[in-house]
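**Q** Input file: input.tsv. Contents: TSV, C-alpha atoms and all ligand atoms.
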chain	number	residue	atom	x	y	z
F	1	MET	CA	17.72	11.77	-21.29
F	2	LYS	CA	15.51	12.66	-18.31
F	3	ARG	CA	16.49	10.89	-15.11
F	4	ILE	CA	14.27	10.26	-12.06
F	5	ILE	CA	15.07	8.74	-8.69
F	6	LEU	CA	12.18	7.00	-6.97
F	7	THR	CA	12.33	6.24	-3.28
F	8	GLY	CA	10.11	4.78	-0.57
F	9	GLY	CA	9.96	1.61	1.45
F	10	GLY	CA	9.57	-0.24	4.69
F	11	THR	CA	6.15	-1.66	3.84
F	12	ALA	CA	4.65	-2.41	0.41
F	13	GLY	CA	2.31	0.58	0.76
F	14	HIS	CA	5.38	2.78	0.32
F	15	VAL	CA	6.41	0.91	-2.85
F	16	THR	CA	3.37	-0.18	-4.89
F	17	PRO	CA	2.40	3.44	-5.79
F	18	ASN	CA	5.91	3.88	-7.23
F	19	ILE	CA	5.40	0.66	-9.22
F	20	ALA	CA	2.13	2.12	-10.53
F	21	LEU	CA	4.09	5.04	-12.05
F	22	LEU	CA	6.64	2.85	-13.87
F	23	PRO	CA	4.74	2.18	-17.13
F	24	ARG	CA	4.12	5.90	-17.81
F	25	LEU	CA	7.66	6.88	-16.79
F	26	LYS	CA	9.04	4.24	-19.17
F	27	GLU	CA	6.74	5.47	-21.94
F	28	LEU	CA	8.12	8.98	-21.41
F	29	GLN	CA	11.62	7.50	-21.64
F	30	TYR	CA	12.80	8.36	-18.18
F	31	ASP	CA	15.98	6.73	-16.97
F	32	ILE	CA	14.60	5.37	-13.68
F	33	HIS	CA	16.67	4.64	-10.56
F	34	TYR	CA	15.46	3.54	-7.13
F	35	ILE	CA	16.91	4.26	-3.71
F	36	GLY	CA	15.72	2.01	-0.88
F	37	SER	CA	17.16	0.29	2.15
F	38	TYR	CA	19.67	-2.56	1.80
F	39	ASN	CA	17.18	-5.30	2.57
F	40	GLY	CA	13.68	-3.81	2.80
F	41	ILE	CA	10.65	-5.24	0.96
F	42	GLU	CA	11.21	-2.50	-1.68
F	43	LYS	CA	14.39	-4.20	-2.93
F	44	GLU	CA	12.62	-7.39	-3.96
F	45	LEU	CA	9.53	-5.58	-5.28
F	46	ILE	CA	11.55	-3.17	-7.46
F	47	GLU	CA	14.35	-5.40	-8.73
F	48	GLN	CA	11.86	-7.64	-10.55
F	49	PHE	CA	11.24	-4.71	-12.94
F	50	GLY	CA	14.92	-4.45	-13.84
F	51	ILE	CA	15.21	-0.93	-12.37
F	52	PRO	CA	18.72	-0.12	-11.04
F	53	TYR	CA	18.39	-0.36	-7.25
F	54	HIS	CA	20.69	1.50	-4.87
F	55	GLY	CA	20.63	0.45	-1.22
F	56	ILE	CA	21.36	2.91	1.58
F	57	SER	CA	21.57	2.52	5.33
F	58	SER	CA	18.26	3.22	7.06
F	59	GLY	CA	16.94	3.41	10.61
F	60	LYS	CA	13.40	3.17	11.88
F	61	LEU	CA	11.89	6.12	13.72
F	62	ARG	CA	10.21	4.24	16.53
F	63	ARG	CA	7.55	5.68	18.78
F	64	TYR	CA	8.44	3.10	21.43
F	65	PHE	CA	11.53	2.33	23.47
F	66	SER	CA	14.16	0.06	21.90
F	67	LEU	CA	17.92	-0.20	22.23
F	68	GLN	CA	18.09	0.36	18.48
F	69	ASN	CA	16.83	3.90	19.08
F	70	PHE	CA	20.40	4.68	20.13
F	71	THR	CA	22.13	3.13	17.11
F	72	ASP	CA	19.60	4.18	14.47
F	73	PRO	CA	20.51	7.90	14.39
F	74	PHE	CA	23.96	6.82	13.17
F	75	ARG	CA	22.40	4.65	10.49
F	76	VAL	CA	20.22	7.55	9.34
F	77	LEU	CA	23.26	9.83	9.20
F	78	LYS	CA	25.13	7.21	7.19
F	79	GLY	CA	22.08	6.93	4.92
F	80	PHE	CA	22.12	10.69	4.37
F	81	GLY	CA	25.79	10.57	3.30
F	82	GLU	CA	25.10	7.66	0.96
F	83	ALA	CA	22.00	9.34	-0.52
F	84	LYS	CA	23.96	12.55	-1.15
F	85	ARG	CA	26.75	10.67	-2.90
F	86	LEU	CA	24.24	8.79	-5.06
F	87	ILE	CA	22.36	11.94	-6.01
F	88	LYS	CA	25.60	13.69	-6.97
F	89	LEU	CA	26.64	10.68	-9.01
F	90	LEU	CA	23.29	10.13	-10.74
F	91	ASN	CA	22.49	13.82	-11.10
F	92	PRO	CA	18.70	13.26	-11.51
F	93	ASP	CA	16.27	15.86	-12.89
F	94	VAL	CA	13.70	15.03	-10.23
F	95	ILE	CA	13.11	12.82	-7.17
F	96	PHE	CA	9.75	11.23	-6.30
F	97	SER	CA	9.29	9.88	-2.79
F	98	LYS	CA	6.47	7.66	-1.61
F	99	GLY	CA	7.57	7.96	2.00
F	100	GLY	CA	8.63	5.53	4.70
F	101	PHE	CA	11.72	6.00	6.84
F	102	VAL	CA	14.27	5.22	4.14
F	103	SER	CA	13.00	8.12	2.03
F	104	VAL	CA	13.81	10.86	4.57
F	105	PRO	CA	17.58	11.15	3.93
F	106	VAL	CA	16.95	10.90	0.18
F	107	VAL	CA	14.54	13.85	0.22
F	108	MET	CA	16.82	15.90	2.46
F	109	ALA	CA	19.85	15.13	0.30
F	110	GLY	CA	17.75	16.05	-2.75
F	111	LYS	CA	17.21	19.53	-1.35
F	112	LYS	CA	20.89	19.89	-0.48
F	113	CYS	CA	21.77	19.01	-4.09
F	114	LYS	CA	19.04	21.36	-5.42
F	115	VAL	CA	17.05	18.60	-7.13
F	116	PRO	CA	13.26	19.23	-7.22
F	117	THR	CA	11.67	16.65	-4.94
F	118	ILE	CA	8.03	15.60	-4.96
F	119	ILE	CA	6.71	13.57	-2.03
F	120	HIS	CA	3.43	11.71	-1.60
F	121	GLU	CA	1.37	11.14	1.55
F	122	SER	CA	-1.25	8.37	1.33
F	123	ASP	CA	-2.81	8.78	4.74
F	124	MET	CA	-5.21	11.34	6.13
F	125	THR	CA	-2.52	12.89	8.39
F	126	PRO	CA	1.16	13.04	7.40
F	127	GLY	CA	3.29	10.27	8.89
F	128	LEU	CA	6.47	10.98	10.82
F	129	ALA	CA	8.76	10.30	7.83
F	130	ASN	CA	6.85	12.71	5.61
F	131	LYS	CA	6.61	15.34	8.36
F	132	LEU	CA	10.41	15.36	8.43
F	133	SER	CA	10.54	15.50	4.62
F	134	ILE	CA	7.97	18.27	3.98
F	135	PRO	CA	10.39	21.20	4.56
F	136	SER	CA	12.79	19.75	1.94
F	137	ALA	CA	10.10	18.92	-0.64
F	138	THR	CA	9.07	21.14	-3.53
F	139	LYS	CA	5.58	19.60	-3.80
F	140	VAL	CA	3.58	17.39	-1.43
F	141	CYS	CA	0.94	15.16	-3.05
F	142	CYS	CA	-1.87	13.77	-0.94
F	143	ASN	CA	-4.60	11.19	-1.25
F	144	PHE	CA	-7.42	12.62	0.87
F	145	PRO	CA	-9.02	16.08	0.47
F	146	GLU	CA	-8.89	16.38	4.29
F	147	THR	CA	-5.07	16.36	4.17
F	148	VAL	CA	-4.63	19.50	2.04
F	149	LYS	CA	-5.28	21.84	4.95
F	150	LEU	CA	-2.58	20.13	7.04
F	151	LEU	CA	0.11	20.86	4.42
F	152	PRO	CA	1.94	24.08	3.41
F	153	ALA	CA	-0.42	25.82	0.96
F	154	ASP	CA	2.29	26.47	-1.65
F	155	LYS	CA	3.28	22.78	-1.74
F	156	ALA	CA	0.05	20.79	-1.33
F	157	VAL	CA	-1.50	19.05	-4.36
F	158	LEU	CA	-4.47	16.69	-4.09
F	159	THR	CA	-3.57	13.84	-6.43
F	160	GLY	CA	-5.12	10.66	-5.02
F	161	SER	CA	-2.99	7.52	-4.96
F	162	PRO	CA	-1.41	5.86	-8.01
F	163	ILE	CA	-2.91	2.42	-8.53
F	164	ARG	CA	-1.20	-0.30	-10.55
F	165	GLN	CA	-3.40	-0.35	-13.67
F	166	GLU	CA	-2.77	-4.02	-14.32
F	167	LEU	CA	-4.85	-4.80	-11.21
F	168	LEU	CA	-7.89	-3.96	-13.34
F	169	GLU	CA	-7.03	-6.63	-15.90
F	170	GLY	CA	-7.14	-9.84	-13.88
F	171	ASP	CA	-8.27	-13.22	-15.17
F	172	LYS	CA	-10.64	-15.33	-13.03
F	173	GLU	CA	-9.74	-18.60	-14.74
F	174	LYS	CA	-6.03	-18.10	-14.11
F	175	ALA	CA	-6.84	-17.49	-10.44
F	176	ARG	CA	-8.88	-20.71	-10.32
F	177	LEU	CA	-5.96	-22.68	-11.73
F	178	PHE	CA	-3.53	-20.94	-9.35
F	179	THR	CA	-5.63	-21.46	-6.21
F	180	GLY	CA	-7.48	-24.67	-7.08
F	181	LEU	CA	-10.73	-23.10	-5.79
F	182	SER	CA	-14.06	-24.21	-7.28
F	183	PRO	CA	-16.72	-22.10	-9.03
F	184	ASP	CA	-19.40	-23.35	-6.60
F	185	LYS	CA	-19.01	-20.97	-3.68
F	186	PRO	CA	-18.26	-17.23	-3.46
F	187	VAL	CA	-14.69	-16.21	-2.65
F	188	ILE	CA	-13.49	-13.98	0.20
F	189	LEU	CA	-10.04	-12.41	-0.23
F	190	ILE	CA	-8.38	-11.54	3.06
F	191	ILE	CA	-5.58	-8.94	2.97
F	192	GLY	CA	-3.96	-7.96	6.23
F	193	GLY	CA	-1.87	-5.10	4.79
F	194	SER	CA	1.50	-5.79	3.25
F	195	LEU	CA	2.90	-7.23	6.47
F	196	GLY	CA	-0.17	-9.28	7.31
F	197	ALA	CA	-2.26	-8.69	10.42
F	198	ALA	CA	-2.10	-11.17	13.27
F	199	ALA	CA	-5.47	-10.08	14.72
F	200	ILE	CA	-7.29	-10.62	11.41
F	201	ASN	CA	-5.44	-13.88	10.74
F	202	ASP	CA	-6.44	-15.27	14.15
F	203	ALA	CA	-10.05	-14.15	13.87
F	204	VAL	CA	-10.46	-15.74	10.44
F	205	ARG	CA	-8.61	-18.95	11.27
F	206	SER	CA	-10.52	-19.58	14.46
F	207	ASN	CA	-13.82	-19.30	12.56
F	208	LEU	CA	-12.79	-21.24	9.45
F	209	PRO	CA	-15.33	-24.11	9.60
F	210	GLU	CA	-18.22	-21.63	9.94
F	211	ILE	CA	-17.01	-19.33	7.14
F	212	LEU	CA	-16.19	-22.22	4.80
F	213	LYS	CA	-19.78	-23.50	4.98
F	214	GLU	CA	-20.79	-20.75	2.54
F	215	PHE	CA	-17.57	-19.22	1.22
F	216	GLN	CA	-14.08	-20.07	0.02
F	217	ILE	CA	-11.10	-18.10	1.32
F	218	ILE	CA	-7.93	-16.74	-0.25
F	219	HIS	CA	-5.83	-15.59	2.68
F	220	LEU	CA	-2.87	-13.22	2.12
F	221	CYS	CA	-1.51	-13.60	5.62
F	222	GLY	CA	1.90	-11.83	5.56
F	223	ARG	CA	5.53	-12.92	5.81
F	224	GLY	CA	6.16	-15.69	8.35
F	225	LYS	CA	2.45	-15.99	9.13
F	226	LEU	CA	1.48	-19.16	7.21
F	227	ASP	CA	-0.21	-21.85	9.31
F	228	PRO	CA	0.92	-25.25	7.94
F	229	THR	CA	-1.82	-27.08	9.91
F	230	LEU	CA	-4.35	-25.49	7.51
F	231	ASN	CA	-2.65	-26.59	4.30
F	232	ASN	CA	-5.10	-29.26	3.23
F	233	ILE	CA	-8.40	-27.66	4.11
F	234	SER	CA	-10.74	-27.64	1.14
F	235	GLY	CA	-11.82	-24.13	0.13
F	236	TYR	CA	-8.97	-22.40	2.01
F	237	VAL	CA	-5.67	-21.26	0.48
F	238	GLN	CA	-3.02	-19.11	2.16
F	239	TYR	CA	-0.07	-17.12	0.79
F	240	GLU	CA	2.48	-14.91	2.54
F	241	TYR	CA	2.52	-12.17	-0.13
F	242	ILE	CA	1.32	-12.21	-3.73
F	243	LYS	CA	2.91	-10.14	-6.52
F	244	ASP	CA	1.96	-10.85	-10.15
F	245	GLU	CA	-1.10	-13.00	-9.47
F	246	LEU	CA	-2.83	-10.37	-7.29
F	247	LYS	CA	-4.80	-9.05	-10.28
F	248	ASP	CA	-6.19	-12.52	-11.02
F	249	LEU	CA	-7.05	-13.17	-7.37
F	250	PHE	CA	-8.97	-9.89	-7.30
F	251	ALA	CA	-10.88	-10.96	-10.42
F	252	LEU	CA	-11.98	-14.16	-8.68
F	253	THR	CA	-12.95	-12.35	-5.47
F	254	ASP	CA	-16.56	-11.59	-4.45
F	255	ILE	CA	-15.88	-9.76	-1.19
F	256	VAL	CA	-12.75	-8.61	0.65
F	257	ILE	CA	-11.77	-8.42	4.30
F	258	SER	CA	-8.89	-5.97	4.65
F	259	ARG	CA	-6.88	-3.70	6.89
F	260	ALA	CA	-7.58	-0.05	6.05
F	261	GLY	CA	-4.12	0.87	4.70
F	262	ALA	CA	-4.54	3.81	2.31
F	263	ASN	CA	-3.36	2.00	-0.81
F	264	ALA	CA	-5.27	-1.18	-0.18
F	265	ILE	CA	-8.56	0.70	0.19
F	266	CYS	CA	-7.99	2.85	-2.90
F	267	GLU	CA	-7.40	-0.33	-4.87
F	268	LEU	CA	-10.63	-1.84	-3.52
F	269	LEU	CA	-12.48	1.30	-4.57
F	270	ALA	CA	-10.98	1.26	-8.07
F	271	LEU	CA	-11.89	-2.43	-8.42
F	272	HIS	CA	-15.41	-1.96	-6.94
F	273	LYS	CA	-14.87	-4.79	-4.46
F	274	PRO	CA	-17.34	-4.84	-1.54
F	275	ASN	CA	-15.18	-4.81	1.57
F	276	LEU	CA	-15.14	-5.24	5.31
F	277	LEU	CA	-12.40	-3.04	6.79
F	278	ILE	CA	-10.73	-3.92	10.08
F	279	PRO	CA	-8.47	-0.88	10.68
F	280	LEU	CA	-5.22	-1.10	12.62
F	281	SER	CA	-6.13	0.05	16.12
F	282	ALA	CA	-5.12	3.41	17.55
F	283	ASN	CA	-3.07	1.58	20.21
F	284	ALA	CA	-0.68	0.29	17.55
F	285	SER	CA	-0.48	3.37	15.30
F	286	ARG	CA	-1.39	7.04	15.01
F	287	GLY	CA	-4.92	5.92	14.14
F	288	ASP	CA	-4.94	6.79	10.44
F	289	GLN	CA	-6.45	3.52	9.35
F	290	ILE	CA	-9.47	4.27	11.56
F	291	LEU	CA	-9.89	7.66	9.84
F	292	ASN	CA	-9.44	5.98	6.43
F	293	ALA	CA	-12.03	3.33	7.26
F	294	ARG	CA	-14.59	5.77	8.67
F	295	SER	CA	-14.26	8.00	5.61
F	296	PHE	CA	-14.95	5.02	3.31
F	297	GLU	CA	-17.84	3.91	5.53
F	298	ARG	CA	-19.42	7.39	5.35
F	299	GLN	CA	-19.22	7.30	1.57
F	300	GLY	CA	-20.94	3.90	1.47
F	301	PHE	CA	-17.90	2.03	0.10
F	302	SER	CA	-17.12	-0.14	3.13
F	303	LEU	CA	-18.44	-1.91	6.18
F	304	VAL	CA	-16.20	-1.35	9.23
F	305	LEU	CA	-15.47	-3.59	12.19
F	306	GLU	CA	-13.03	-2.28	14.79
F	307	GLU	CA	-10.40	-4.69	16.01
F	308	GLU	CA	-11.52	-4.30	19.63
F	309	ASN	CA	-15.01	-5.49	18.63
F	310	ILE	CA	-14.04	-8.68	16.78
F	311	THR	CA	-15.76	-11.78	18.13
F	312	SER	CA	-16.92	-14.89	16.24
F	313	GLU	CA	-20.43	-13.40	16.13
F	314	THR	CA	-19.46	-9.93	14.88
F	315	LEU	CA	-17.08	-11.34	12.28
F	316	LEU	CA	-19.60	-13.82	10.87
F	317	SER	CA	-22.49	-11.37	10.93
F	318	SER	CA	-20.37	-8.70	9.21
F	319	ILE	CA	-19.37	-11.14	6.46
F	320	HIS	CA	-23.02	-12.10	5.90
F	321	GLU	CA	-24.19	-8.48	5.96
F	322	LEU	CA	-21.51	-7.44	3.46
F	323	TYR	CA	-22.28	-10.31	1.10
F	324	ALA	CA	-26.05	-9.76	1.30
F	325	ASN	CA	-25.67	-6.03	0.53
F	326	ARG	CA	-22.80	-6.34	-1.95
F	327	ARG	CA	-24.68	-4.70	-4.86
F	328	GLN	CA	-25.30	-1.59	-2.80
F	329	TYR	CA	-21.56	-1.24	-2.08
F	330	VAL	CA	-20.64	-1.82	-5.72
F	331	ASP	CA	-23.13	0.87	-6.81
F	332	ALA	CA	-21.72	3.42	-4.34
F	333	MET	CA	-18.15	2.71	-5.50
F	334	ALA	CA	-19.15	2.89	-9.17
F	335	LYS	CA	-20.50	6.41	-8.56
F	336	SER	CA	-17.37	7.70	-6.81
F	337	HIS	CA	-15.14	10.23	-8.54
F	338	GLN	CA	-11.78	8.62	-7.95
F	339	GLN	CA	-9.01	10.73	-9.38
F	340	ASN	CA	-6.65	9.58	-12.09
F	341	SER	CA	-3.68	9.93	-9.86
F	342	ILE	CA	-1.05	8.62	-12.27
F	343	ASP	CA	-1.64	11.38	-14.83
F	344	THR	CA	-1.69	14.13	-12.18
F	345	ILE	CA	1.56	12.97	-10.62
F	346	ILE	CA	3.26	12.48	-13.98
F	347	ASP	CA	2.29	16.07	-14.88
F	348	LEU	CA	3.88	17.32	-11.64
F	349	ILE	CA	7.03	15.33	-12.40
F	350	GLU	CA	7.19	16.64	-15.96
F	351	SER	CA	6.75	20.26	-14.90
F	352	ALA	CA	9.47	19.88	-12.24
F	353	VAL	CA	11.82	18.53	-14.91
F	354	ASN	CA	10.99	21.26	-17.41
F	355	GLU	CA	11.25	24.16	-14.98
Z	401	LIG	C1	1.05	-1.32	9.63
Z	401	LIG	C2	1.24	-0.05	8.90
Z	401	LIG	O1	2.09	0.76	9.23
Z	401	LIG	N1	0.40	0.17	7.87
Z	401	LIG	C3	0.51	1.34	7.04
Z	401	LIG	C4	1.16	0.95	5.73
Z	401	LIG	O2	0.40	-0.16	5.28
Z	401	LIG	P1	0.75	-1.14	4.09
Z	401	LIG	O3	2.15	-1.04	3.64
Z	401	LIG	O4	0.19	-2.44	4.46
Z	401	LIG	O5	-0.02	-0.36	2.96
Z	401	LIG	P2	-1.33	-0.44	2.15
Z	401	LIG	O6	-2.39	-1.27	2.71
Z	401	LIG	O7	-1.62	0.98	1.90
Z	401	LIG	O8	-0.76	-1.10	0.80
Z	401	LIG	C5	-0.39	-2.42	0.71
Z	401	LIG	C6	0.00	-2.68	-0.71
Z	401	LIG	O9	0.53	-4.00	-0.81
Z	401	LIG	C7	-0.15	-4.69	-1.83
Z	401	LIG	N2	-0.14	-6.13	-1.52
Z	401	LIG	C8	-0.52	-6.59	-0.28
Z	401	LIG	C9	-0.49	-7.95	0.00
Z	401	LIG	C10	-0.06	-8.84	-1.01
Z	401	LIG	O10	-0.01	-10.08	-0.85
Z	401	LIG	N3	0.29	-8.33	-2.23
Z	401	LIG	C11	0.28	-6.99	-2.50
Z	401	LIG	O11	0.62	-6.57	-3.63
Z	401	LIG	C12	-1.53	-4.09	-1.86
Z	401	LIG	O12	-2.16	-4.37	-3.10
Z	401	LIG	C13	-1.20	-2.60	-1.64
Z	401	LIG	O13	-0.81	-1.99	-2.85
Z	401	LIG	O14	1.18	2.07	4.81
Z	401	LIG	C14	-0.11	2.64	4.52
Z	401	LIG	C15	0.11	3.80	3.55
Z	401	LIG	O15	0.96	4.76	4.10
Z	401	LIG	C16	-0.82	3.08	5.80
Z	401	LIG	O16	-2.13	3.52	5.47
Z	401	LIG	C17	-0.89	1.91	6.76
Z	401	LIG	O17	-1.49	2.33	7.98
Do you think you could lay out the structure here as structure tokens?
Ligand SMILES: CC(=O)N[C@H]1[C@@H](OP(=O)(O)OP(=O)(O)OC[C@H]2O[C@@H](n3ccc(=O)[nH]c3=O)[C@H](O)[C@@H]2O)O[C@H](CO)[C@@H](O)[C@@H]1O
**A**
Amino acid sequence: MKRIILTGGGTAGHVTPNIALLPRLKELQYDIHYIGSYNGIEKELIEQFGIPYHGISSGKLRRYFSLQNFTDPFRVLKGFGEAKRLIKLLNPDVIFSKGGFVSVPVVMAGKKCKVPTIIHESDMTPGLANKLSIPSATKVCCNFPETVKLLPADKAVLTGSPIRQELLEGDKEKARLFTGLSPDKPVILIIGGSLGAAAINDAVRSNLPEILKEFQIIHLCGRGKLDPTLNNISGYVQYEYIKDELKDLFALTDIVISRAGANAICELLALHKPNLLIPLSANASRGDQILNARSFERQGFSLVLEEENITSETLLSSIHELYANRRQYVDAMAKSHQQNSIDTIIDLIESAVNE
């Protein structure tokens, strides 16, 4: 039997693409194992599929000062030892990594144990975790054509990002029952990335009465970011994080306000959902969401509002502009040539196994 180890975690964006590969891997009768951190979001997201989950110690590679910066190198070293032991024990044919800090020791241990290791970068420029992993990887998949030239030529493969196919099969009526929203007004879905986004949450919540005059809102606000004072407002529902019902919520949605995380925007494109992107600012990150958002804007898929420019006026006018022009956005997305990433990546996995 062919055995694969999947890894990746920290935020959902480093896990959902792995989930998207599961149905095909199961069809091809892979014995699938997952290595993630002891308590990261990946544990909960993966265990629901009954995949054996192996936790390892993991540190975060911070760009800012924290006392943990001094203890984390030891955790990463411990994680490397644990990953190596697991790989020796499981003896996989191939490893697929979707990135995030926890994946670094797994990829490095993979190389040490001579297991072919394929990694995937969703963003325009490789993140720190993947930069550390590239030398140990046999192939590096990427999502944007612009990324290929930043990667070693013998390893780079433009694959796009695997999207959970069930997202395309949502049911509006189920979403109505789940949310209690009415058919009378259009629905805005707000997704602040897998961890939520305080800036977007605040902007939306402080303009609720205005927005709710014409729209209803489904707000995916992130862990610990619910606002109980808004629980009984008609036309507004909030959830920390949605798993199975996401497909139905998408089916009920007319327009989306979202962070510009690479996976989120690829899903919006696949679903042809007109969207207003509010990218994570360059102060809080390496600025990839801004590049993602501008690329989608150029292609006519998205309207973009930078976080620094959010006011009540700009938010409301952007929502109205997006809704008024929604057909135009849908048409542009319908014409895009989005790659079938799942098949391409499965082919890479299969050829690594058969080599
Ligand atoms: C703050 C941060 O570091 N963000 C990065 C992180 O974002 P993040 O982890 O938020 O990643 P994405 O926006 O790319 O993906 C989020 C995923 O979570 C899913 N989802 C979200 C909310 C919910 O309730 N249910 C649910 O299933 C979305 O459908 C999507 O599949 O990784 C991305 C991919 O490397 C980067 O582009 C982002 O810049």
**Q** May I have the residues within 7 Å of ligand LIG 401 (chain Z), computed using all atoms listed in the file, as a ChimeraX atom specification?
**A** /F:11-14,16-17,121-123,191,193-195,220,222,240-243,246,259-265,267,280,288-289
**Q** Given the point (-16.5, -1.9, 11.7) in the file's coordinates, find the residues that have an atom at most 10 Å from it, counting only C-alpha atoms, and give them as a count of residues only.
**A** 20
**Q** Quick one, how far is CA of Gly40 (chain F) from CA of Gly10 (chain F)?
**A**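 CA of Gly40 (chain F) sits 5.8 Å away from CA of Gly10 (chain F).
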**Q** Residues within 12 Å of Gln338 (chain F), please, as an mmCIF file with C-alpha atoms, in the coordinates of the input. Count all atoms listed in the file; anything in the same chain fewer than 4 positions from it doesn't count.
**A**
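Here's the written file result.cif:
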data_model
loop_
_atom_site.group_PDB
_atom_site.id
_atom_site.type_symbol
_atom_site.label_atom_id
_atom_site.label_comp_id
_atom_site.auth_asym_id
_atom_site.auth_seq_id
_atom_site.Cartn_x
_atom_site.Cartn_y
_atom_site.Cartn_z
ATOM 1 C CA ASN F 143 -4.600 11.190 -1.250
ATOM 2 C CA PHE F 144 -7.420 12.620 0.870
ATOM 3 C CA PRO F 145 -9.020 16.080 0.470
ATOM 4 C CA LEU F 158 -4.470 16.690 -4.090
ATOM 5 C CA THR F 159 -3.570 13.840 -6.430
ATOM 6 C CA GLY F 160 -5.120 10.660 -5.020
ATOM 7 C CA SER F 161 -2.990 7.520 -4.960
ATOM 8 C CA PRO F 162 -1.410 5.860 -8.010
ATOM 9 C CA ILE F 163 -2.910 2.420 -8.530
ATOM 10 C CA ILE F 265 -8.560 0.700 0.190
ATOM 11 C CA CYS F 266 -7.990 2.850 -2.900
ATOM 12 C CA GLU F 267 -7.400 -0.330 -4.870
ATOM 13 C CA LEU F 268 -10.630 -1.840 -3.520
ATOM 14 C CA LEU F 269 -12.480 1.300 -4.570
ATOM 15 C CA ALA F 270 -10.980 1.260 -8.070
ATOM 16 C CA LEU F 271 -11.890 -2.430 -8.420
ATOM 17 C CA HIS F 272 -15.410 -1.960 -6.940
ATOM 18 C CA ALA F 332 -21.720 3.420 -4.340
ATOM 19 C CA MET F 333 -18.150 2.710 -5.500
ATOM 20 C CA ALA F 334 -19.150 2.890 -9.170
ATOM 21 C CA ILE F 342 -1.050 8.620 -12.270
#
**Q** In terms of the shortest atom-to-atom distance over all atoms listed in the file, which of F:Ala352, F:Ala197, F:Ile87, F:Leu316 is closest to Glu210 (chain F)?
**A** F:Leu316
**Q** So the first atom is CA of Ile217 (chain F) and the second is CA of Gln165 (chain F); what is the distance between them in Å, to one decimal place?
**A**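 Computing the Euclidean distance for CA of Ile217 (chain F) and CA of Gln165 (chain F) yields 24.5 Å.
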**Q** Which distance in Å separates CA of Arg327 (chain F) and CA of Gly300 (chain F), to one decimal?
**A** 11.3 Å
**Q** How big is the axis-aligned box around the listed atoms of region 32-49 of chain F once 4 Å is added on each side, and where is its centre? Give both in Å to one decimal, as JSON.
**A**
{"center_x": 14.6, "center_y": -1.1, "center_z": -5.4, "size_x": 18.1, "size_y": 21.0, "size_z": 24.5}
**Q** Got a sec to write region 212-221 of chain F of the block to a file, N, CA, C and O atoms, as a compact mmCIF listing (two decimals), in the first residue's frame?
**A**
# COMPACT_ATOMS: atom_id res chain seq x y z
N LEU F 212 -27.30 46.94 7.19
CA LEU F 212 -28.47 46.07 7.30
C LEU F 212 -29.74 46.68 6.68
O LEU F 212 -30.74 45.99 6.52
N LYS F 213 -29.68 47.96 6.33
CA LYS F 213 -30.84 48.55 5.64
C LYS F 213 -31.10 47.83 4.33
O LYS F 213 -32.23 47.64 3.92
N GLU F 214 -30.01 47.45 3.64
CA GLU F 214 -30.19 46.81 2.32
C GLU F 214 -29.74 45.38 2.23
O GLU F 214 -30.08 44.67 1.29
N PHE F 215 -28.89 44.96 3.20
CA PHE F 215 -28.30 43.61 3.10
C PHE F 215 -28.50 42.84 4.40
O PHE F 215 -28.82 43.42 5.43
N GLN F 216 -28.27 41.52 4.32
CA GLN F 216 -28.12 40.71 5.53
C GLN F 216 -26.65 40.30 5.60
O GLN F 216 -25.96 40.29 4.57
N ILE F 217 -26.20 39.94 6.80
CA ILE F 217 -24.77 39.64 6.97
C ILE F 217 -24.55 38.30 7.65
O ILE F 217 -25.14 38.01 8.69
N ILE F 218 -23.68 37.49 7.03
CA ILE F 218 -23.15 36.31 7.71
C ILE F 218 -21.70 36.65 8.03
O ILE F 218 -20.90 36.89 7.12
N HIS F 219 -21.37 36.69 9.30
CA HIS F 219 -20.05 37.17 9.70
C HIS F 219 -19.22 36.02 10.29
O HIS F 219 -19.54 35.53 11.37
N LEU F 220 -18.18 35.59 9.57
CA LEU F 220 -17.24 34.60 10.12
C LEU F 220 -16.12 35.41 10.77
O LEU F 220 -15.26 35.95 10.07
N CYS F 221 -16.19 35.55 12.09
CA CYS F 221 -15.38 36.59 12.73
C CYS F 221 -14.08 36.08 13.36
O CYS F 221 -13.25 36.89 13.76
